>>> print(open('model-v3.csv').read())   # CSV, C-alpha atoms
chain,number,residue,atom,x,y,z
I,1,MET,CA,44.2,-26.4,-160.0
I,2,LYS,CA,44.8,-22.8,-158.9
I,3,LYS,CA,47.5,-22.3,-161.5
I,4,THR,CA,45.2,-23.6,-164.2
I,5,MET,CA,42.4,-21.3,-163.1
I,6,LEU,CA,44.7,-18.3,-163.0
I,7,SER,CA,46.0,-19.1,-166.5
I,8,TYR,CA,42.6,-18.5,-167.9
I,9,VAL,CA,42.1,-15.0,-166.5
I,10,GLN,CA,43.2,-13.3,-169.7
I,11,PRO,CA,41.3,-15.5,-172.2
I,12,VAL,CA,38.2,-15.2,-170.1
I,13,MET,CA,38.4,-11.4,-170.0
I,14,VAL,CA,38.8,-11.3,-173.8
I,15,ALA,CA,35.8,-13.6,-174.3
I,16,ALA,CA,33.7,-11.6,-171.8
I,17,ILE,CA,34.5,-8.3,-173.6
I,18,LEU,CA,33.6,-9.8,-176.9
I,19,LEU,CA,30.2,-11.1,-175.6
I,20,ALA,CA,29.5,-7.8,-173.8
I,21,TRP,CA,29.9,-5.7,-176.9
I,22,ALA,CA,28.1,-8.2,-179.1
I,23,PHE,CA,24.9,-8.3,-176.9
I,24,ALA,CA,24.9,-5.0,-175.0
I,25,PRO,CA,22.1,-2.5,-175.9
I,26,ALA,CA,22.8,-0.4,-179.0
I,27,ALA,CA,22.3,2.8,-176.9
I,28,TRP,CA,25.4,1.8,-175.1
I,29,THR,CA,27.6,0.3,-177.8
I,30,ASN,CA,27.0,3.2,-180.2
I,31,ASN,CA,27.8,5.8,-177.5
I,32,PRO,CA,31.3,7.4,-178.1
I,33,TRP,CA,31.8,7.5,-174.3
I,34,SER,CA,31.3,3.7,-173.9
I,35,ILE,CA,34.8,2.8,-175.1
I,36,VAL,CA,36.4,5.3,-172.7
I,37,VAL,CA,34.4,3.9,-169.8
I,38,ALA,CA,35.0,0.3,-170.8
I,39,THR,CA,38.8,0.6,-171.3
I,40,LEU,CA,39.2,2.6,-168.1
I,41,LEU,CA,37.3,0.0,-166.1
I,42,THR,CA,39.2,-2.9,-167.6
I,43,THR,CA,42.5,-1.1,-167.1
I,44,SER,CA,41.6,-0.4,-163.4
I,45,LEU,CA,40.7,-4.0,-162.9
I,46,ILE,CA,44.1,-5.2,-164.3
I,47,GLN,CA,45.9,-2.6,-162.2
I,48,GLY,CA,44.1,-4.0,-159.1
I,49,LEU,CA,45.2,-7.5,-160.1
I,50,GLU,CA,48.8,-6.4,-159.5
I,51,TRP,CA,48.0,-6.5,-155.8
I,52,VAL,CA,46.4,-10.0,-156.1
I,53,ASN,CA,49.2,-11.9,-157.7
I,54,GLU,CA,52.3,-9.8,-158.6
I,55,ARG,CA,55.0,-11.0,-160.9
I,56,HIS,CA,58.1,-9.2,-159.4
I,57,SER,CA,58.3,-7.3,-156.2
I,58,SER,CA,60.9,-5.0,-157.9
I,59,TRP,CA,58.0,-3.8,-160.1
I,60,ARG,CA,55.7,-3.0,-157.2
I,61,LEU,CA,53.8,0.2,-157.9
I,62,THR,CA,54.8,3.3,-155.9
I,63,LYS,CA,53.0,6.6,-155.5
I,64,ARG,CA,55.4,8.3,-157.9
I,65,GLU,CA,55.0,5.6,-160.6
I,66,PHE,CA,51.2,5.6,-160.1
I,67,ALA,CA,51.0,9.4,-160.5
I,68,THR,CA,53.1,9.4,-163.6
I,69,ASP,CA,51.1,6.6,-165.2
I,70,VAL,CA,47.8,8.4,-164.5
I,71,PHE,CA,49.2,11.5,-166.1
I,72,TYR,CA,50.0,9.7,-169.3
I,73,VAL,CA,46.7,7.8,-169.4
I,74,THR,CA,44.9,11.2,-169.1
I,75,LEU,CA,47.2,12.6,-171.8
I,76,ASN,CA,46.3,9.7,-174.2
I,77,TYR,CA,42.6,10.0,-173.6
I,78,THR,CA,42.6,13.8,-174.2
I,79,VAL,CA,45.4,15.5,-176.2
I,80,ILE,CA,46.7,12.4,-178.1
I,81,SER,CA,43.2,11.2,-178.9
I,82,TRP,CA,42.2,14.7,-180.2
I,83,LEU,CA,45.4,15.0,-182.3
I,84,SER,CA,44.9,11.6,-183.8
I,85,ARG,CA,41.3,12.3,-184.7
I,86,THR,CA,41.9,15.8,-186.0
I,87,LEU,CA,45.1,15.2,-187.9
I,88,ALA,CA,44.6,11.7,-189.1
I,89,ASP,CA,41.2,10.1,-188.8
I,90,ASP,CA,39.1,13.1,-190.0
I,91,PRO,CA,41.3,13.9,-193.0
I,92,LEU,CA,41.4,10.2,-193.9
I,93,THR,CA,37.6,10.0,-193.7
I,94,ALA,CA,37.3,13.1,-195.9
I,95,ALA,CA,39.7,11.7,-198.4
I,96,LYS,CA,37.8,8.4,-198.5
I,97,GLN,CA,34.5,10.2,-199.1
I,98,SER,CA,35.9,12.5,-201.8
I,99,LEU,CA,37.5,9.5,-203.6
I,100,GLY,CA,34.3,7.5,-203.4
I,101,ILE,CA,36.0,4.6,-201.5
I,102,ALA,CA,33.4,2.3,-199.9
I,103,THR,CA,33.5,-1.1,-198.3
I,104,PRO,CA,29.8,-1.9,-197.6
I,105,TRP,CA,30.6,-5.6,-197.6
I,106,ALA,CA,32.4,-5.1,-194.2
I,107,MET,CA,29.1,-4.0,-192.6
I,108,HIS,CA,27.6,-7.4,-193.4
I,109,LEU,CA,30.3,-9.6,-191.9
I,110,PRO,CA,29.7,-11.6,-188.7
I,111,PHE,CA,30.4,-9.5,-185.6
I,112,VAL,CA,33.4,-11.7,-184.6
I,113,VAL,CA,35.0,-11.3,-188.1
I,114,GLN,CA,34.5,-7.5,-187.9
I,115,VAL,CA,36.2,-7.4,-184.6
I,116,ALA,CA,39.1,-9.6,-185.8
I,117,MET,CA,39.4,-7.4,-188.9
I,118,VAL,CA,39.8,-4.2,-186.8
I,119,ILE,CA,42.3,-5.9,-184.5
I,120,VAL,CA,44.5,-7.0,-187.5
I,121,LEU,CA,44.2,-3.6,-189.2
I,122,ILE,CA,45.3,-1.7,-186.1
I,123,GLU,CA,48.0,-4.2,-185.1
I,124,PHE,CA,49.5,-4.5,-188.6
I,125,GLY,CA,50.1,-0.8,-188.7
I,126,GLN,CA,51.4,-0.6,-185.1
I,127,TYR,CA,53.7,-3.5,-185.7
I,128,TRP,CA,55.5,-1.8,-188.6
I,129,MET,CA,55.5,1.6,-186.9
I,130,HIS,CA,57.0,0.0,-183.8
I,131,ARG,CA,59.6,-1.9,-185.8
I,132,LEU,CA,60.6,1.4,-187.6
I,133,MET,CA,61.0,3.0,-184.2
I,134,HIS,CA,63.6,0.4,-183.3
I,135,ASN,CA,65.5,0.7,-186.6
I,136,GLN,CA,65.7,4.4,-187.4
I,137,ALA,CA,67.5,7.0,-185.3
I,138,PHE,CA,64.8,9.8,-185.2
I,139,PHE,CA,61.9,7.4,-184.6
I,140,TRP,CA,63.9,5.7,-181.9
I,141,SER,CA,64.5,9.0,-180.2
I,142,THR,CA,60.7,9.4,-179.9
I,143,HIS,CA,60.2,5.8,-178.7
I,144,ALA,CA,63.2,5.6,-176.4
I,145,PRO,CA,61.5,7.3,-173.4
I,146,HIS,CA,59.0,4.4,-173.3
I,147,HIS,CA,62.0,2.1,-172.9
I,148,HIS,CA,63.4,4.2,-170.1
I,149,ILE,CA,60.7,2.9,-167.8
I,150,THR,CA,62.4,0.8,-165.1
I,151,GLN,CA,59.4,-1.3,-164.2
I,152,LEU,CA,56.3,-2.7,-165.9
I,153,ASN,CA,52.8,-1.9,-164.6
I,154,ALA,CA,49.3,-2.0,-166.0
I,155,MET,CA,49.3,1.6,-167.2
I,156,LYS,CA,52.9,1.7,-168.5
I,157,GLY,CA,51.8,1.2,-172.1
I,158,ALA,CA,50.5,4.8,-172.1
I,159,VAL,CA,53.9,6.2,-171.0
I,160,GLY,CA,56.1,7.8,-173.7
I,161,ASN,CA,57.0,10.9,-175.7
I,162,PRO,CA,53.9,12.6,-177.2
I,163,ILE,CA,55.3,12.3,-180.7
I,164,GLU,CA,55.6,8.5,-180.3
I,165,LEU,CA,52.1,8.3,-178.7
I,166,PHE,CA,50.6,10.1,-181.7
I,167,LEU,CA,52.5,8.0,-184.3
I,168,ILE,CA,51.6,4.7,-182.7
I,169,SER,CA,47.9,5.8,-182.6
I,170,LEU,CA,47.7,6.1,-186.4
I,171,SER,CA,45.8,3.5,-188.4
I,172,VAL,CA,43.9,3.1,-191.7
I,173,LEU,CA,40.7,2.0,-189.9
I,174,ALA,CA,38.9,5.1,-191.2
I,175,LEU,CA,39.1,3.8,-194.7
I,176,PHE,CA,36.7,0.9,-193.9
I,177,ASP,CA,33.0,1.0,-193.2
I,178,LEU,CA,32.6,-0.9,-190.0
I,179,PRO,CA,30.0,-0.6,-187.2
I,180,LEU,CA,31.1,1.3,-184.1
I,181,PRO,CA,30.3,-1.6,-181.7
I,182,ALA,CA,32.8,-3.8,-183.6
I,183,GLU,CA,35.5,-1.1,-183.5
I,184,PHE,CA,34.9,-0.4,-179.8
I,185,CYS,CA,35.0,-4.1,-179.0
I,186,ALA,CA,38.3,-4.5,-180.8
I,187,LEU,CA,39.8,-1.5,-179.1
I,188,ASN,CA,38.7,-2.8,-175.8
I,189,ILE,CA,40.2,-6.2,-176.5
I,190,LEU,CA,43.5,-4.7,-177.7
I,191,ALA,CA,43.6,-2.5,-174.6
I,192,VAL,CA,43.2,-5.5,-172.3
I,193,ILE,CA,45.8,-7.6,-174.1
I,194,SER,CA,48.4,-4.7,-174.1
I,195,THR,CA,47.6,-3.8,-170.5
I,196,PHE,CA,48.3,-7.4,-169.4
I,197,ALA,CA,51.4,-7.3,-171.5
I,198,HIS,CA,52.7,-4.4,-169.4
I,199,ALA,CA,51.2,-5.4,-166.0
I,200,ASN,CA,53.1,-6.7,-163.0
I,201,THR,CA,50.8,-9.8,-162.8
I,202,ARG,CA,51.4,-13.5,-162.8
I,203,PHE,CA,48.5,-14.9,-164.8
I,204,ASP,CA,50.4,-16.8,-167.5
I,205,PRO,CA,47.9,-17.7,-170.2
I,206,PRO,CA,47.7,-21.1,-172.1
I,207,ARG,CA,50.1,-21.7,-174.9
I,208,TRP,CA,47.5,-21.2,-177.6
I,209,TYR,CA,46.7,-17.8,-176.3
I,210,ALA,CA,50.4,-16.9,-176.1
I,211,PHE,CA,50.9,-18.1,-179.6
I,212,LEU,CA,48.5,-15.4,-180.9
I,213,PHE,CA,48.6,-12.6,-178.4
I,214,THR,CA,51.4,-10.7,-176.7
I,215,THR,CA,52.0,-11.6,-173.0
I,216,ILE,CA,54.1,-10.1,-170.2
I,217,GLN,CA,56.8,-12.6,-171.0
I,218,HIS,CA,57.1,-11.4,-174.6
I,219,HIS,CA,56.9,-7.8,-173.8
I,220,SER,CA,59.2,-7.8,-170.8
I,221,LEU,CA,61.9,-9.3,-173.1
I,222,HIS,CA,61.2,-6.4,-175.5
I,223,HIS,CA,62.0,-4.0,-172.7
I,224,SER,CA,65.3,-5.6,-171.8
I,225,VAL,CA,68.2,-3.4,-170.8
I,226,SER,CA,70.3,-4.2,-173.9
I,227,TYR,CA,69.1,-2.2,-176.9
I,228,GLU,CA,69.8,-5.1,-179.2
I,229,ASP,CA,67.5,-7.3,-177.1
I,230,THR,CA,64.7,-4.8,-177.6
I,231,ARG,CA,64.6,-5.4,-181.3
I,232,CYS,CA,62.1,-8.2,-181.1
I,233,ASN,CA,58.5,-8.9,-180.1
I,234,TYR,CA,57.1,-5.7,-181.7
I,235,GLY,CA,53.5,-6.8,-181.6
I,236,ASN,CA,51.7,-4.5,-179.1
I,237,SER,CA,48.9,-7.1,-178.8
I,238,LEU,CA,49.3,-9.5,-181.6
I,239,ILE,CA,52.6,-11.5,-181.2
I,240,LEU,CA,51.5,-13.6,-184.2
I,241,LEU,CA,52.8,-10.9,-186.4
I,242,ASP,CA,56.3,-11.3,-185.0
I,243,ARG,CA,56.1,-15.0,-185.6
I,244,LEU,CA,55.1,-14.4,-189.2
I,245,PHE,CA,57.7,-11.7,-189.9
I,246,GLY,CA,60.7,-13.3,-188.2
I,247,THR,CA,61.0,-10.9,-185.2
I,248,TYR,CA,59.8,-13.2,-182.5
I,249,SER,CA,62.0,-14.1,-179.6
I,250,ASP,CA,61.3,-16.4,-176.7
I,251,GLY,CA,62.2,-15.5,-173.1
I,252,GLU,CA,61.4,-13.1,-170.3
I,253,ALA,CA,63.2,-10.3,-168.4
I,254,GLU,CA,62.8,-8.7,-165.0
I,255,LEU,CA,65.4,-5.9,-165.4
I,256,VAL,CA,64.1,-3.4,-167.9
I,257,GLY,CA,65.2,0.1,-169.0
I,258,GLN,CA,67.9,1.9,-171.0
I,259,ASP,CA,71.0,3.9,-170.3
I,260,GLU,CA,72.0,2.2,-167.1
I,261,ARG,CA,68.3,2.0,-166.2
I,262,ARG,CA,68.0,5.7,-165.4
I,263,ARG,CA,64.3,6.7,-164.9
I,264,LEU,CA,63.3,9.8,-166.9
I,265,SER,CA,61.1,12.5,-165.5
I,266,ILE,CA,58.0,13.6,-167.5
I,267,ARG,CA,59.9,16.7,-168.6
I,268,GLU,CA,62.9,14.6,-169.8
I,269,GLN,CA,60.5,12.3,-171.7
I,270,PHE,CA,58.9,15.2,-173.4
I,271,LEU,CA,62.2,16.8,-174.4
I,272,PHE,CA,64.1,13.6,-175.2
I,273,PRO,CA,64.0,13.8,-179.1
I,274,ALA,CA,65.1,17.4,-179.0
I,275,GLN,CA,67.8,16.8,-176.3
I,276,PRO,CA,70.8,16.6,-178.8
I,277,LEU,CA,69.8,19.9,-180.3
I,278,ILE,CA,69.3,21.5,-176.9
I,279,ASP,CA,72.8,20.2,-175.9
I,280,ARG,CA,74.4,21.7,-179.0
I,281,VAL,CA,72.7,25.1,-178.4
I,282,LYS,CA,73.9,25.1,-174.8
I,283,ALA,CA,77.5,24.1,-175.9
I,284,ARG,CA,77.6,27.0,-178.4
I,285,ARG,CA,76.3,29.4,-175.9
I,286,GLY,CA,78.9,28.2,-173.4
I,287,ASP,CA,81.6,28.7,-176.1
I,288,ARG,CA,80.5,32.2,-176.8
I,289,GLU,CA,80.4,33.1,-173.1
I,290,ALA,CA,83.9,31.7,-172.7
I,291,GLU,CA,85.2,33.7,-175.7
I,292,GLY,CA,83.6,36.9,-174.2
I,293,THR,CA,85.3,36.2,-170.9
I,294,GLU,CA,88.7,35.8,-172.6
I,295,VAL,CA,88.2,39.1,-174.6
I,296,ALA,CA,87.3,41.0,-171.4
I,297,ALA,CA,90.3,39.6,-169.6
>>> encode(input="model-v3.csv", output="structure tokens")
Amino acid sequence: MKKTMLSYVQPVMVAAILLAWAFAPAAWTNNPWSIVVATLLTTSLIQGLEWVNERHSSWRLTKREFATDVFYVTLNYTVISWLSRTLADDPLTAAKQSLGIATPWAMHLPFVVQVAMVIVLIEFGQYWMHRLMHNQAFFWSTHAPHHHITQLNAMKGAVGNPIELFLISLSVLALFDLPLPAEFCALNILAVISTFAHANTRFDPPRWYAFLFTTIQHHSLHHSVSYEDTRCNYGNSLILLDRLFGTYSDGEAELVGQDERRRLSIREQFLFPAQPLIDRVKARRGDREAEGTEVAA
């Protein structure tokens, strides 16, 4: 009975979020700060659940991990959010208006359909961007820091190189006319699903839920130590896309990380894509210094 009840924690949270955004006062659902407050609250709740029913003691949150996670969550809500809005969403909205693109029909869809539409639009783009990051050298260099994490926790989805965090935030949502409450509801649902997919919790959902949405089983396998094993389960929240496009893999992993599971510092994560260039510059400088020493001798 307890196991059955715990298995419905994730579906119940998703349903509760959908109902909350559907029936909350417009003054709240149309407020730009509402999505920030809602996602922070749900993330905090899931983080707390790690202490209620943890999955692996080896993933138990430490002060160092917590501080790093909070730093990246803050970075995503400030710098990355601003960059995404300024460099992507605003120009896309301006282009949409100048070209006369309009989708008024979307404003008249049922609320649940609007939410589903936003989820699919965002996840479809993230799936292909994520897949590219695992199959092209430069894009992998931006994404690899996220795979250097050596444990999974609720806020770990926010950890990564800033270039990757910006790229994965891109979407074509600005091209569609949709009400803010539907967009915010979808973003909140996506945040809950992806947070559970990174969380050190044991609330394994029913099969029907795991058929559609990404779970910690799917995503822990994606974070496997072997690079080849990471090339599956790209759906951040919608594992259905992996099933449709042939990249789904069944299983679970406790050992996660890359390069002999070496944990990167924040500085190393930021510099990771440029590290080969930095190493070459240092090597050339070392060669010149060695030549100068030989001449002086």
>>> closest_residue(input="model-v3.csv", among="I:Ala186, I:Val159, I:Val120, I:Met133", to="Phe66 of chain I", atoms="all atoms listed in the file")
I:Val159
>>> atom_distance(input="model-v3.csv", atom1="atom CA of Asp229 of chain I", atom2="atom CA of Ser169 of chain I")
24.2 Å
>>> atom_distance(input="model-v3.csv", atom1="atom CA of Leu41 of chain I", atom2="atom CA of Ser57 of chain I")
24.3 Å
>>> atom_distance(input="model-v3.csv", atom1="atom CA of Lys3 of chain I", atom2="atom CA of Arg202 of chain I")
9.7 Å
>>> closest_residue(input="model-v3.csv", among="I:Phe245, I:Phe176, I:Trp208, I:Phe184", to="Ile101 of chain I", atoms="only C-alpha atoms")
I:Phe176
>>> residues_around(input="model-v3.csv", residues="Thr142 of chain I", least_positions_apart="2", cutoff="7 Å", atoms="only C-alpha atoms", output="PDB file with C-alpha atoms, in the coordinates of the input")
ATOM      1  CA  PHE I 138      64.800   9.800-185.200  1.00  0.00           C
ATOM      2  CA  PHE I 139      61.900   7.400-184.600  1.00  0.00           C
ATOM      3  CA  TRP I 140      63.900   5.700-181.900  1.00  0.00           C
ATOM      4  CA  ALA I 144      63.200   5.600-176.400  1.00  0.00           C
ATOM      5  CA  PRO I 145      61.500   7.300-173.400  1.00  0.00           C
ATOM      6  CA  ASN I 161      57.000  10.900-175.700  1.00  0.00           C
ATOM      7  CA  ILE I 163      55.300  12.300-180.700  1.00  0.00           C
ATOM      8  CA  GLU I 164      55.600   8.500-180.300  1.00  0.00           C
ATOM      9  CA  PRO I 273      64.000  13.800-179.100  1.00  0.00           C
TER      10      PRO I 273
END
>>> residues_around(input="model-v3.csv", residues="Ala106 of chain I", least_positions_apart="6", cutoff="12 Å", atoms="only C-alpha atoms", output="compact mmCIF listing (two decimals) with C-alpha atoms, in the frame of the given file")
# COMPACT_ATOMS: atom_id res chain seq x y z
CA VAL I 112 33.40 -11.70 -184.60
CA VAL I 113 35.00 -11.30 -188.10
CA GLN I 114 34.50 -7.50 -187.90
CA VAL I 115 36.20 -7.40 -184.60
CA ALA I 116 39.10 -9.60 -185.80
CA MET I 117 39.40 -7.40 -188.90
CA VAL I 118 39.80 -4.20 -186.80
CA LEU I 173 40.70 2.00 -189.90
CA LEU I 175 39.10 3.80 -194.70
CA PHE I 176 36.70 0.90 -193.90
CA ASP I 177 33.00 1.00 -193.20
CA LEU I 178 32.60 -0.90 -190.00
CA PRO I 179 30.00 -0.60 -187.20
CA ALA I 182 32.80 -3.80 -183.60
CA GLU I 183 35.50 -1.10 -183.50
>>> axis_aligned_box(input="model-v3.csv", around="segment 253-261 of chain I", padding_each_side="4 Å", output="AutoDock Vina command-line options")
--center_x 67.4 --center_y -3.2 --center_z -168.0 --size_x 17.2 --size_y 22.2 --size_z 14.0
>>> closest_residue(input="model-v3.csv", among="I:Pro205, I:Gly257, I:Pro181, I:Gly246", to="Trp21 of chain I", atoms="all atoms listed in the file")
I:Pro181
>>> closest_residue(input="model-v3.csv", among="I:Glu268, I:Asp89, I:Glu50, I:Asp204", to="His146 of chain I", atoms="all atoms listed in the file")
I:Glu268
>>> closest_residue(input="model-v3.csv", among="I:Ser226, I:Asn188, I:Thr4, I:Thr43", to="Thr29 of chain I", atoms="all atoms listed in the file")
I:Asn188
>>> decode(input="model-v3.csv", residues="segment 185-204 of chain I", atoms="N, CA and C atoms", output="PDB file, in the first residue's frame")
ATOM      1  N   CYS I 185       2.087  27.273 -16.797  1.00  0.00           N
ATOM      2  CA  CYS I 185       1.701  25.957 -16.307  1.00  0.00           C
ATOM      3  C   CYS I 185       2.584  24.874 -16.918  1.00  0.00           C
ATOM      4  N   ALA I 186       2.799  24.949 -18.225  1.00  0.00           N
ATOM      5  CA  ALA I 186       3.644  23.973 -18.914  1.00  0.00           C
ATOM      6  C   ALA I 186       5.076  24.026 -18.390  1.00  0.00           C
ATOM      7  N   LEU I 187       5.607  25.237 -18.195  1.00  0.00           N
ATOM      8  CA  LEU I 187       6.967  25.378 -17.681  1.00  0.00           C
ATOM      9  C   LEU I 187       7.083  24.795 -16.274  1.00  0.00           C
ATOM     10  N   ASN I 188       6.055  25.003 -15.463  1.00  0.00           N
ATOM     11  CA  ASN I 188       6.052  24.460 -14.106  1.00  0.00           C
ATOM     12  C   ASN I 188       6.015  22.931 -14.119  1.00  0.00           C
ATOM     13  N   ILE I 189       5.186  22.375 -15.008  1.00  0.00           N
ATOM     14  CA  ILE I 189       5.109  20.922 -15.131  1.00  0.00           C
ATOM     15  C   ILE I 189       6.437  20.348 -15.621  1.00  0.00           C
ATOM     16  N   LEU I 190       7.024  20.973 -16.643  1.00  0.00           N
ATOM     17  CA  LEU I 190       8.313  20.519 -17.155  1.00  0.00           C
ATOM     18  C   LEU I 190       9.378  20.571 -16.069  1.00  0.00           C
ATOM     19  N   ALA I 191       9.342  21.628 -15.266  1.00  0.00           N
ATOM     20  CA  ALA I 191      10.329  21.775 -14.185  1.00  0.00           C
ATOM     21  C   ALA I 191      10.178  20.663 -13.159  1.00  0.00           C
ATOM     22  N   VAL I 192       8.949  20.311 -12.810  1.00  0.00           N
ATOM     23  CA  VAL I 192       8.715  19.247 -11.836  1.00  0.00           C
ATOM     24  C   VAL I 192       9.188  17.896 -12.374  1.00  0.00           C
ATOM     25  N   ILE I 193       8.845  17.605 -13.620  1.00  0.00           N
ATOM     26  CA  ILE I 193       9.235  16.313 -14.201  1.00  0.00           C
ATOM     27  C   ILE I 193      10.760  16.197 -14.285  1.00  0.00           C
ATOM     28  N   SER I 194      11.418  17.247 -14.804  1.00  0.00           N
ATOM     29  CA  SER I 194      12.879  17.186 -14.962  1.00  0.00           C
ATOM     30  C   SER I 194      13.584  17.227 -13.614  1.00  0.00           C
ATOM     31  N   THR I 195      12.978  17.884 -12.621  1.00  0.00           N
ATOM     32  CA  THR I 195      13.582  17.908 -11.287  1.00  0.00           C
ATOM     33  C   THR I 195      13.529  16.521 -10.660  1.00  0.00           C
ATOM     34  N   PHE I 196      12.388  15.846 -10.762  1.00  0.00           N
ATOM     35  CA  PHE I 196      12.290  14.468 -10.279  1.00  0.00           C
ATOM     36  C   PHE I 196      13.245  13.550 -11.044  1.00  0.00           C
ATOM     37  N   ALA I 197      13.476  13.861 -12.333  1.00  0.00           N
ATOM     38  CA  ALA I 197      14.368  13.034 -13.158  1.00  0.00           C
ATOM     39  C   ALA I 197      15.822  13.165 -12.733  1.00  0.00           C
ATOM     40  N   HIS I 198      16.143  14.203 -11.954  1.00  0.00           N
ATOM     41  CA  HIS I 198      17.502  14.374 -11.425  1.00  0.00           C
ATOM     42  C   HIS I 198      17.581  14.114  -9.923  1.00  0.00           C
ATOM     43  N   ALA I 199      16.444  13.928  -9.270  1.00  0.00           N
ATOM     44  CA  ALA I 199      16.409  13.908  -7.808  1.00  0.00           C
ATOM     45  C   ALA I 199      16.787  12.553  -7.211  1.00  0.00           C
ATOM     46  N   ASN I 200      17.401  12.619  -6.052  1.00  0.00           N
ATOM     47  CA  ASN I 200      17.775  11.415  -5.304  1.00  0.00           C
ATOM     48  C   ASN I 200      16.577  10.953  -4.469  1.00  0.00           C
ATOM     49  N   THR I 201      15.507  10.593  -5.164  1.00  0.00           N
ATOM     50  CA  THR I 201      14.282  10.162  -4.490  1.00  0.00           C
ATOM     51  C   THR I 201      13.830   8.814  -5.038  1.00  0.00           C
ATOM     52  N   ARG I 202      13.114   8.074  -4.214  1.00  0.00           N
ATOM     53  CA  ARG I 202      12.555   6.798  -4.658  1.00  0.00           C
ATOM     54  C   ARG I 202      11.023   6.884  -4.604  1.00  0.00           C
ATOM     55  N   PHE I 203      10.478   7.540  -5.640  1.00  0.00           N
ATOM     56  CA  PHE I 203       9.040   7.608  -5.834  1.00  0.00           C
ATOM     57  C   PHE I 203       8.751   7.135  -7.254  1.00  0.00           C
ATOM     58  N   ASP I 204       9.047   5.868  -7.515  1.00  0.00           N
ATOM     59  CA  ASP I 204       8.929   5.335  -8.876  1.00  0.00           C
ATOM     60  C   ASP I 204       7.479   5.374  -9.333  1.00  0.00           C
TER      61      ASP I 204
END
